[in-house]
Amino acid sequence: MSALRFSTVVHRGALRIEGQDRVPFLQGLISNDVTRVSPAQAIYAALLTPQGRFLWDMFVSGTDDALLLDVERDRAAELMKKLALYKLRAKVVLQNPGEGIEIVVAYGDGAAAALGLPATSGAARAIDDAIAYVDPRLPALGVRLIAPDGHAAALLAAEGFAAAPFDDYESLRLALGVPDGSRDLPVDKALLLENGFDELNGVDWTKGCYMGQELTARTKYRALIRKRLLPVTVEGPLPAAGTPVMLGDQEAGEMRSGAAGHALALLRLEAVDKAAAGAGALKAGDALLTPQIPDWLRRPEPAP
């Protein structure tokens with residue numbers, strides 16, 4: 001099989017926002033700076049509750065006349081309704097292209113270069129009728145493409161990419177410790193900074209106000225992060241998402257998504273340190289967990 005692969009991400013779809021107010025409209029709602037989006041740059045962001053809890057994650061890319069949102073397909077209609085509530089008099093048009101759009105990820109060493117892109121977060125370009133951009137979170141996650149159904153495969157095959165099952169990409173994501181929407185971030189509960197959004201370029205700290213900005217900023221500047229979403233290797237049966245993680249008789253966290261011996265878990269940093277020091281093993285159900293610390297993750301600084 002070619003070292004360059006592509007997988008269709010069937011659980012993601014796209015929304016489209018047109019109109020002259022599209023940038024200021026979205027700028028006041030999400031956690032990243034929409035003014036940076038252009039045909040040459042995409043961003044990653046989240047829409048939060050007013051209390052700073054996770055609702056949706058999204059990749060935002062752009063054409064000359066629209067913003068495209070890569071979002072969870074099954075929750076796209078619900079997101080459309082939420083955005084419509086804030087439309088008011090803004091000159092924007094919200095569209096859900098529905099089943100006619102696919103999200104495909106091209107990955108492997110040299111994937112960005114093979115598609116004429118620099119290997120820098122969010123670098124974007126149009127390729128035929130697709131929009132391609134390096135994953136804004138981590139370039140190691142490859143290049144995401146938004147294309148009409150069935151078009152990406154021919155485009156990528158022509159550039160030397162081979163089709164691969166989604167599980168191949170899933171293994172890459174889990175090994176890197178990167179969350180995937182509500183599969184890993186419980187809706188109306190999760191906090192961005194416990195789930196890597198700062199290091200994964202999902203928050204802009206200088207853009208000004210957006211929904212949930214106050215709690216997110218307070219969490220960062222008061223060093224209130226006590227738990228982190230971490231990749232774990234799993235020995236034994238893969239625990240279901242939501243399974244408690246235990247250190248002895250003390251609850252240490254909770255499982256998130258997983259596959260083939262790898263998973264993500266939201267863990268108390270104190271428990272991770274204790275387990276590393278030999279104070280016991282982390283377990284979830286009948287499985288033994290070994291946490292990994294991704295090289296992109298920053299531990300919180302002590303509060304002054």
# chains A, B, ... in the order shown; residues from 1 in each chain; ligands from 1

call {"tool": "closest_atom_pairs", "arguments": {"of": "region 21-91 of chain A", "to": "region 172-191 of chain A", "cutoff": "10 Å", "atoms": "only C-alpha atoms", "output": "JSON lines"}}
result
{"residue": "A:Ala46", "atom": "CA", "partner": "A:Gly181", "partner_atom": "CA", "distance": 9.2}
{"residue": "A:Leu48", "atom": "CA", "partner": "A:Asp188", "partner_atom": "CA", "distance": 8.0}
{"residue": "A:Thr49", "atom": "CA", "partner": "A:Asp188", "partner_atom": "CA", "distance": 6.9}
{"residue": "A:Gln51", "atom": "CA", "partner": "A:Asp188", "partner_atom": "CA", "distance": 8.9}
{"residue": "A:Gly52", "atom": "CA", "partner": "A:Leu191", "partner_atom": "CA", "distance": 6.9}
{"residue": "A:Arg53", "atom": "CA", "partner": "A:Asp188", "partner_atom": "CA", "distance": 5.1}
{"residue": "A:Phe54", "atom": "CA", "partner": "A:Ala190", "partner_atom": "CA", "distance": 5.3}
{"residue": "A:Leu55", "atom": "CA", "partner": "A:Val187", "partner_atom": "CA", "distance": 5.2}
{"residue": "A:Trp56", "atom": "CA", "partner": "A:Gly181", "partner_atom": "CA", "distance": 6.6}
{"residue": "A:Asp57", "atom": "CA", "partner": "A:Gly181", "partner_atom": "CA", "distance": 5.6}
{"residue": "A:Met58", "atom": "CA", "partner": "A:Gly181", "partner_atom": "CA", "distance": 8.2}
{"residue": "A:Val71", "atom": "CA", "partner": "A:Gly181", "partner_atom": "CA", "distance": 8.3}
{"residue": "A:Glu72", "atom": "CA", "partner": "A:Gly181", "partner_atom": "CA", "distance": 7.2}
{"residue": "A:Arg75", "atom": "CA", "partner": "A:Ser182", "partner_atom": "CA", "distance": 9.6}

call {"tool": "write_last_selection", "arguments": {"atoms": "N, CA and C atoms", "output": "tab-separated table (two decimals), in the first residue's frame"}}
result
chain	number	residue	atom	x	y	z
A	46	ALA	N	-14.30	26.29	18.20
A	46	ALA	CA	-15.46	25.69	18.86
A	46	ALA	C	-16.51	26.75	19.13
A	48	LEU	N	-19.32	27.54	21.97
A	48	LEU	CA	-19.51	27.20	23.37
A	48	LEU	C	-20.86	27.70	23.88
A	49	THR	N	-21.24	27.23	25.05
A	49	THR	CA	-22.35	27.83	25.77
A	49	THR	C	-21.88	29.15	26.38
A	51	GLN	N	-21.66	29.73	29.32
A	51	GLN	CA	-20.88	29.33	30.50
A	51	GLN	C	-19.55	28.68	30.12
A	52	GLY	N	-19.19	28.70	28.84
A	52	GLY	CA	-17.90	28.21	28.40
A	52	GLY	C	-17.81	26.72	28.21
A	53	ARG	N	-18.93	26.03	28.06
A	53	ARG	CA	-18.93	24.58	27.85
A	53	ARG	C	-19.07	24.26	26.37
A	54	PHE	N	-18.49	23.15	25.97
A	54	PHE	CA	-18.44	22.75	24.56
A	54	PHE	C	-19.82	22.46	23.99
A	55	LEU	N	-20.04	22.96	22.76
A	55	LEU	CA	-21.24	22.60	21.99
A	55	LEU	C	-20.86	21.92	20.68
A	56	TRP	N	-20.07	22.60	19.84
A	56	TRP	CA	-19.63	22.05	18.55
A	56	TRP	C	-18.18	22.42	18.30
A	57	ASP	N	-17.45	21.53	17.63
A	57	ASP	CA	-16.17	21.93	17.07
A	57	ASP	C	-16.35	22.09	15.57
A	58	MET	N	-15.43	22.82	14.93
A	58	MET	CA	-15.55	23.06	13.49
A	58	MET	C	-14.21	23.49	12.91
A	71	VAL	N	-18.16	20.12	10.05
A	71	VAL	CA	-18.81	19.88	11.34
A	71	VAL	C	-19.32	18.43	11.41
A	72	GLU	N	-19.79	18.03	12.58
A	72	GLU	CA	-20.38	16.70	12.74
A	72	GLU	C	-21.66	16.60	11.91
A	75	ARG	N	-25.10	16.31	13.57
A	75	ARG	CA	-25.50	17.45	14.39
A	75	ARG	C	-25.51	18.75	13.58

call {"tool": "closest_atom_pairs", "arguments": {"of": "region 30-118 of chain A", "to": "region 138-141 of chain A", "cutoff": "12 Å", "atoms": "only C-alpha atoms", "output": "JSON lines"}}
result
{"residue": "A:Ile43", "atom": "CA", "partner": "A:Leu138", "partner_atom": "CA", "distance": 11.3}
{"residue": "A:Tyr44", "atom": "CA", "partner": "A:Leu138", "partner_atom": "CA", "distance": 10.4}
{"residue": "A:Val104", "atom": "CA", "partner": "A:Leu141", "partner_atom": "CA", "distance": 11.9}
{"residue": "A:Val105", "atom": "CA", "partner": "A:Leu141", "partner_atom": "CA", "distance": 8.2}
{"residue": "A:Ala106", "atom": "CA", "partner": "A:Leu141", "partner_atom": "CA", "distance": 8.5}
{"residue": "A:Tyr107", "atom": "CA", "partner": "A:Leu141", "partner_atom": "CA", "distance": 6.5}
{"residue": "A:Gly108", "atom": "CA", "partner": "A:Ala140", "partner_atom": "CA", "distance": 7.9}
{"residue": "A:Asp109", "atom": "CA", "partner": "A:Ala140", "partner_atom": "CA", "distance": 8.2}
{"residue": "A:Gly110", "atom": "CA", "partner": "A:Ala140", "partner_atom": "CA", "distance": 9.8}
{"residue": "A:Ala111", "atom": "CA", "partner": "A:Ala140", "partner_atom": "CA", "distance": 9.2}
{"residue": "A:Ala112", "atom": "CA", "partner": "A:Pro139", "partner_atom": "CA", "distance": 8.4}
{"residue": "A:Ala113", "atom": "CA", "partner": "A:Pro139", "partner_atom": "CA", "distance": 11.4}
{"residue": "A:Leu117", "atom": "CA", "partner": "A:Pro139", "partner_atom": "CA", "distance": 10.9}
{"residue": "A:Pro118", "atom": "CA", "partner": "A:Pro139", "partner_atom": "CA", "distance": 9.5}

call {"tool": "residues_around", "arguments": {"residues": "region 264-279 of chain A", "least_positions_apart": "4", "cutoff": "6 Å", "atoms": "only C-alpha atoms", "output": "list in words"}}
result
Arg226, Lys227, Arg228, Leu229, Leu230, Pro231, Val232, Ala252, Gly253, Glu254, Met255, Arg256 and Ser257 of chain A

call {"tool": "write_last_selection", "arguments": {"atoms": "all heavy atoms", "output": "mmCIF file, in the first residue's frame"}}
result
data_model
loop_
_atom_site.group_PDB
_atom_site.id
_atom_site.type_symbol
_atom_site.label_atom_id
_atom_site.label_comp_id
_atom_site.auth_asym_id
_atom_site.auth_seq_id
_atom_site.Cartn_x
_atom_site.Cartn_y
_atom_site.Cartn_z
ATOM 1 N N ARG A 226 -6.943 20.927 35.870
ATOM 2 C CA ARG A 226 -6.551 19.809 36.733
ATOM 3 C C ARG A 226 -6.689 18.460 36.012
ATOM 4 O O ARG A 226 -6.186 17.459 36.501
ATOM 5 C CB ARG A 226 -7.436 19.785 37.990
ATOM 6 C CG ARG A 226 -7.358 21.064 38.817
ATOM 7 C CD ARG A 226 -6.019 21.198 39.508
ATOM 8 N NE ARG A 226 -5.985 22.386 40.354
ATOM 9 C CZ ARG A 226 -5.478 23.555 39.979
ATOM 10 N NH1 ARG A 226 -4.949 23.688 38.756
ATOM 11 N NH2 ARG A 226 -5.487 24.588 40.798
ATOM 12 N N LYS A 227 -7.383 18.460 34.877
ATOM 13 C CA LYS A 227 -7.589 17.240 34.099
ATOM 14 C C LYS A 227 -7.181 17.513 32.659
ATOM 15 O O LYS A 227 -7.288 18.646 32.174
ATOM 16 C CB LYS A 227 -9.058 16.806 34.152
ATOM 17 C CG LYS A 227 -9.551 16.414 35.534
ATOM 18 C CD LYS A 227 -11.004 15.990 35.508
ATOM 19 C CE LYS A 227 -11.933 17.173 35.343
ATOM 20 N NZ LYS A 227 -13.363 16.797 35.466
ATOM 21 N N ARG A 228 -6.742 16.457 31.965
ATOM 22 C CA ARG A 228 -6.422 16.589 30.555
ATOM 23 C C ARG A 228 -6.858 15.341 29.803
ATOM 24 O O ARG A 228 -6.828 14.234 30.340
ATOM 25 C CB ARG A 228 -4.910 16.779 30.345
ATOM 26 C CG ARG A 228 -4.354 18.121 30.782
ATOM 27 C CD ARG A 228 -5.003 19.303 30.090
ATOM 28 N NE ARG A 228 -4.906 19.265 28.651
ATOM 29 C CZ ARG A 228 -4.012 19.978 27.946
ATOM 30 N NH1 ARG A 228 -3.147 20.770 28.562
ATOM 31 N NH2 ARG A 228 -3.993 19.900 26.639
ATOM 32 N N LEU A 229 -7.268 15.546 28.565
ATOM 33 C CA LEU A 229 -7.548 14.441 27.666
ATOM 34 C C LEU A 229 -6.218 13.910 27.146
ATOM 35 O O LEU A 229 -5.435 14.670 26.544
ATOM 36 C CB LEU A 229 -8.421 14.913 26.505
ATOM 37 C CG LEU A 229 -8.960 13.815 25.593
ATOM 38 C CD1 LEU A 229 -10.076 13.041 26.288
ATOM 39 C CD2 LEU A 229 -9.458 14.399 24.271
ATOM 40 N N LEU A 230 -5.943 12.614 27.389
ATOM 41 C CA LEU A 230 -4.658 12.027 27.023
ATOM 42 C C LEU A 230 -4.863 10.742 26.226
ATOM 43 O O LEU A 230 -5.837 10.017 26.449
ATOM 44 C CB LEU A 230 -3.850 11.691 28.286
ATOM 45 C CG LEU A 230 -3.431 12.847 29.184
ATOM 46 C CD1 LEU A 230 -2.746 12.317 30.438
ATOM 47 C CD2 LEU A 230 -2.525 13.819 28.446
ATOM 48 N N PRO A 231 -3.927 10.438 25.317
ATOM 49 C CA PRO A 231 -3.959 9.120 24.683
ATOM 50 C C PRO A 231 -3.501 8.059 25.669
ATOM 51 O O PRO A 231 -2.601 8.306 26.484
ATOM 52 C CB PRO A 231 -2.965 9.275 23.529
ATOM 53 C CG PRO A 231 -2.023 10.355 23.953
ATOM 54 C CD PRO A 231 -2.824 11.283 24.813
ATOM 55 N N VAL A 232 -4.131 6.902 25.605
ATOM 56 C CA VAL A 232 -3.751 5.782 26.468
ATOM 57 C C VAL A 232 -3.662 4.517 25.625
ATOM 58 O O VAL A 232 -4.432 4.341 24.671
ATOM 59 C CB VAL A 232 -4.756 5.563 27.624
ATOM 60 C CG1 VAL A 232 -4.769 6.758 28.570
ATOM 61 C CG2 VAL A 232 -6.161 5.303 27.103
ATOM 62 N N ALA A 252 -10.179 8.372 38.780
ATOM 63 C CA ALA A 252 -9.103 9.181 38.199
ATOM 64 C C ALA A 252 -9.495 9.835 36.881
ATOM 65 O O ALA A 252 -8.728 10.643 36.346
ATOM 66 C CB ALA A 252 -7.864 8.311 37.983
ATOM 67 N N GLY A 253 -10.666 9.490 36.340
ATOM 68 C CA GLY A 253 -11.058 10.080 35.072
ATOM 69 C C GLY A 253 -12.133 9.275 34.393
ATOM 70 O O GLY A 253 -12.870 8.516 35.036
ATOM 71 N N GLU A 254 -12.197 9.404 33.055
ATOM 72 C CA GLU A 254 -13.276 8.780 32.298
ATOM 73 C C GLU A 254 -12.804 8.512 30.883
ATOM 74 O O GLU A 254 -12.097 9.327 30.279
ATOM 75 C CB GLU A 254 -14.486 9.710 32.288
ATOM 76 C CG GLU A 254 -15.753 9.110 31.722
ATOM 77 C CD GLU A 254 -16.928 10.057 31.896
ATOM 78 O OE1 GLU A 254 -17.149 10.883 30.984
ATOM 79 O OE2 GLU A 254 -17.614 9.978 32.927
ATOM 80 N N MET A 255 -13.200 7.368 30.332
ATOM 81 C CA MET A 255 -12.826 7.008 28.967
ATOM 82 C C MET A 255 -13.587 7.840 27.937
ATOM 83 O O MET A 255 -14.716 8.270 28.160
ATOM 84 C CB MET A 255 -13.105 5.525 28.721
ATOM 85 C CG MET A 255 -12.301 4.572 29.576
ATOM 86 S SD MET A 255 -10.518 4.681 29.303
ATOM 87 C CE MET A 255 -10.397 4.221 27.557
ATOM 88 N N ARG A 256 -12.930 8.019 26.801
ATOM 89 C CA ARG A 256 -13.554 8.640 25.641
ATOM 90 C C ARG A 256 -13.466 7.653 24.460
ATOM 91 O O ARG A 256 -13.569 6.464 24.660
ATOM 92 C CB ARG A 256 -12.861 9.977 25.345
ATOM 93 C CG ARG A 256 -13.036 11.002 26.474
ATOM 94 C CD ARG A 256 -14.456 11.505 26.557
ATOM 95 N NE ARG A 256 -14.602 12.556 27.557
ATOM 96 C CZ ARG A 256 -15.197 12.417 28.723
ATOM 97 N NH1 ARG A 256 -15.714 11.236 29.061
ATOM 98 N NH2 ARG A 256 -15.302 13.416 29.561
ATOM 99 N N SER A 257 -13.257 8.107 23.241
ATOM 100 C CA SER A 257 -13.271 7.213 22.085
ATOM 101 C C SER A 257 -12.029 6.334 22.062
ATOM 102 O O SER A 257 -10.992 6.658 22.660
ATOM 103 C CB SER A 257 -13.367 8.022 20.784
ATOM 104 O OG SER A 257 -12.214 8.819 20.591
#

call {"tool": "residues_around", "arguments": {"residues": "Val143 (chain A)", "least_positions_apart": "6", "cutoff": "12 Å", "atoms": "only C-alpha atoms", "output": "PyMOL selection string"}}
result
chain A and resi 4-8+42+59+103-125+130-137+152+156+161+169

call {"tool": "select_by_dssp", "arguments": {"residues": "region 56-256 of chain A", "states": "helix (DSSP H, G or I)", "output": "PyMOL selection string"}}
result
chain A and resi 73-85+98-100+111-114+139-141+151-158+166-176+181-183+192-195+213-221

call {"tool": "write_last_selection", "arguments": {"atoms": "C-alpha atoms", "output": "mmCIF file, in the first residue's frame"}}
result
data_model
loop_
_atom_site.group_PDB
_atom_site.id
_atom_site.type_symbol
_atom_site.label_atom_id
_atom_site.label_comp_id
_atom_site.auth_asym_id
_atom_site.auth_seq_id
_atom_site.Cartn_x
_atom_site.Cartn_y
_atom_site.Cartn_z
ATOM 1 C CA ARG A 73 -22.797 15.503 10.088
ATOM 2 C CA ASP A 74 -25.478 14.181 12.452
ATOM 3 C CA ARG A 75 -25.497 17.454 14.393
ATOM 4 C CA ALA A 76 -25.265 19.838 11.425
ATOM 5 C CA ALA A 77 -28.989 20.641 11.278
ATOM 6 C CA GLU A 78 -28.992 21.409 14.984
ATOM 7 C CA LEU A 79 -26.006 23.726 14.523
ATOM 8 C CA MET A 80 -27.835 25.500 11.681
ATOM 9 C CA LYS A 81 -30.732 26.215 14.031
ATOM 10 C CA LYS A 82 -28.359 27.522 16.688
ATOM 11 C CA LEU A 83 -26.605 29.841 14.234
ATOM 12 C CA ALA A 84 -29.957 31.083 12.928
ATOM 13 C CA LEU A 85 -30.863 32.230 16.452
ATOM 14 C CA GLY A 98 -26.504 17.959 3.022
ATOM 15 C CA GLU A 99 -25.513 14.678 1.428
ATOM 16 C CA GLY A 100 -23.777 16.182 -1.609
ATOM 17 C CA ALA A 111 0.887 14.395 2.133
ATOM 18 C CA ALA A 112 0.823 18.203 2.152
ATOM 19 C CA ALA A 113 3.657 18.512 -0.371
ATOM 20 C CA ALA A 114 1.956 15.993 -2.684
ATOM 21 C CA PRO A 139 0.039 18.976 10.458
ATOM 22 C CA ALA A 140 0.745 15.313 11.332
ATOM 23 C CA LEU A 141 -3.016 14.700 10.974
ATOM 24 C CA HIS A 151 -14.713 13.645 -6.394
ATOM 25 C CA ALA A 152 -11.935 13.384 -3.794
ATOM 26 C CA ALA A 153 -11.012 9.771 -4.549
ATOM 27 C CA ALA A 154 -10.123 10.439 -8.194
ATOM 28 C CA LEU A 155 -8.285 13.630 -7.312
ATOM 29 C CA LEU A 156 -6.180 11.940 -4.635
ATOM 30 C CA ALA A 157 -5.525 8.775 -6.629
ATOM 31 C CA ALA A 158 -4.053 10.954 -9.365
ATOM 32 C CA PHE A 166 -11.299 5.046 8.242
ATOM 33 C CA ASP A 167 -9.815 2.976 11.078
ATOM 34 C CA ASP A 168 -6.322 3.728 9.714
ATOM 35 C CA TYR A 169 -6.895 7.452 10.162
ATOM 36 C CA GLU A 170 -8.611 6.837 13.498
ATOM 37 C CA SER A 171 -5.502 5.052 14.788
ATOM 38 C CA LEU A 172 -3.369 8.050 13.784
ATOM 39 C CA ARG A 173 -5.690 10.488 15.564
ATOM 40 C CA LEU A 174 -5.841 8.434 18.743
ATOM 41 C CA ALA A 175 -2.066 7.966 18.859
ATOM 42 C CA LEU A 176 -1.627 11.739 18.583
ATOM 43 C CA GLY A 181 -16.007 16.498 18.433
ATOM 44 C CA SER A 182 -18.709 15.186 20.740
ATOM 45 C CA ARG A 183 -17.224 11.683 20.583
ATOM 46 C CA LEU A 192 -11.767 23.496 25.862
ATOM 47 C CA LEU A 193 -8.514 23.748 27.786
ATOM 48 C CA GLU A 194 -8.887 20.305 29.354
ATOM 49 C CA ASN A 195 -9.122 18.930 25.829
ATOM 50 C CA GLN A 213 -14.848 33.607 26.293
ATOM 51 C CA GLU A 214 -14.847 34.739 29.938
ATOM 52 C CA LEU A 215 -14.694 31.272 31.500
ATOM 53 C CA THR A 216 -12.184 30.032 28.923
ATOM 54 C CA ALA A 217 -9.834 32.946 29.652
ATOM 55 C CA ARG A 218 -10.244 32.576 33.413
ATOM 56 C CA THR A 219 -9.397 28.874 33.196
ATOM 57 C CA LYS A 220 -6.156 29.687 31.383
ATOM 58 C CA TYR A 221 -4.934 32.652 33.375
#
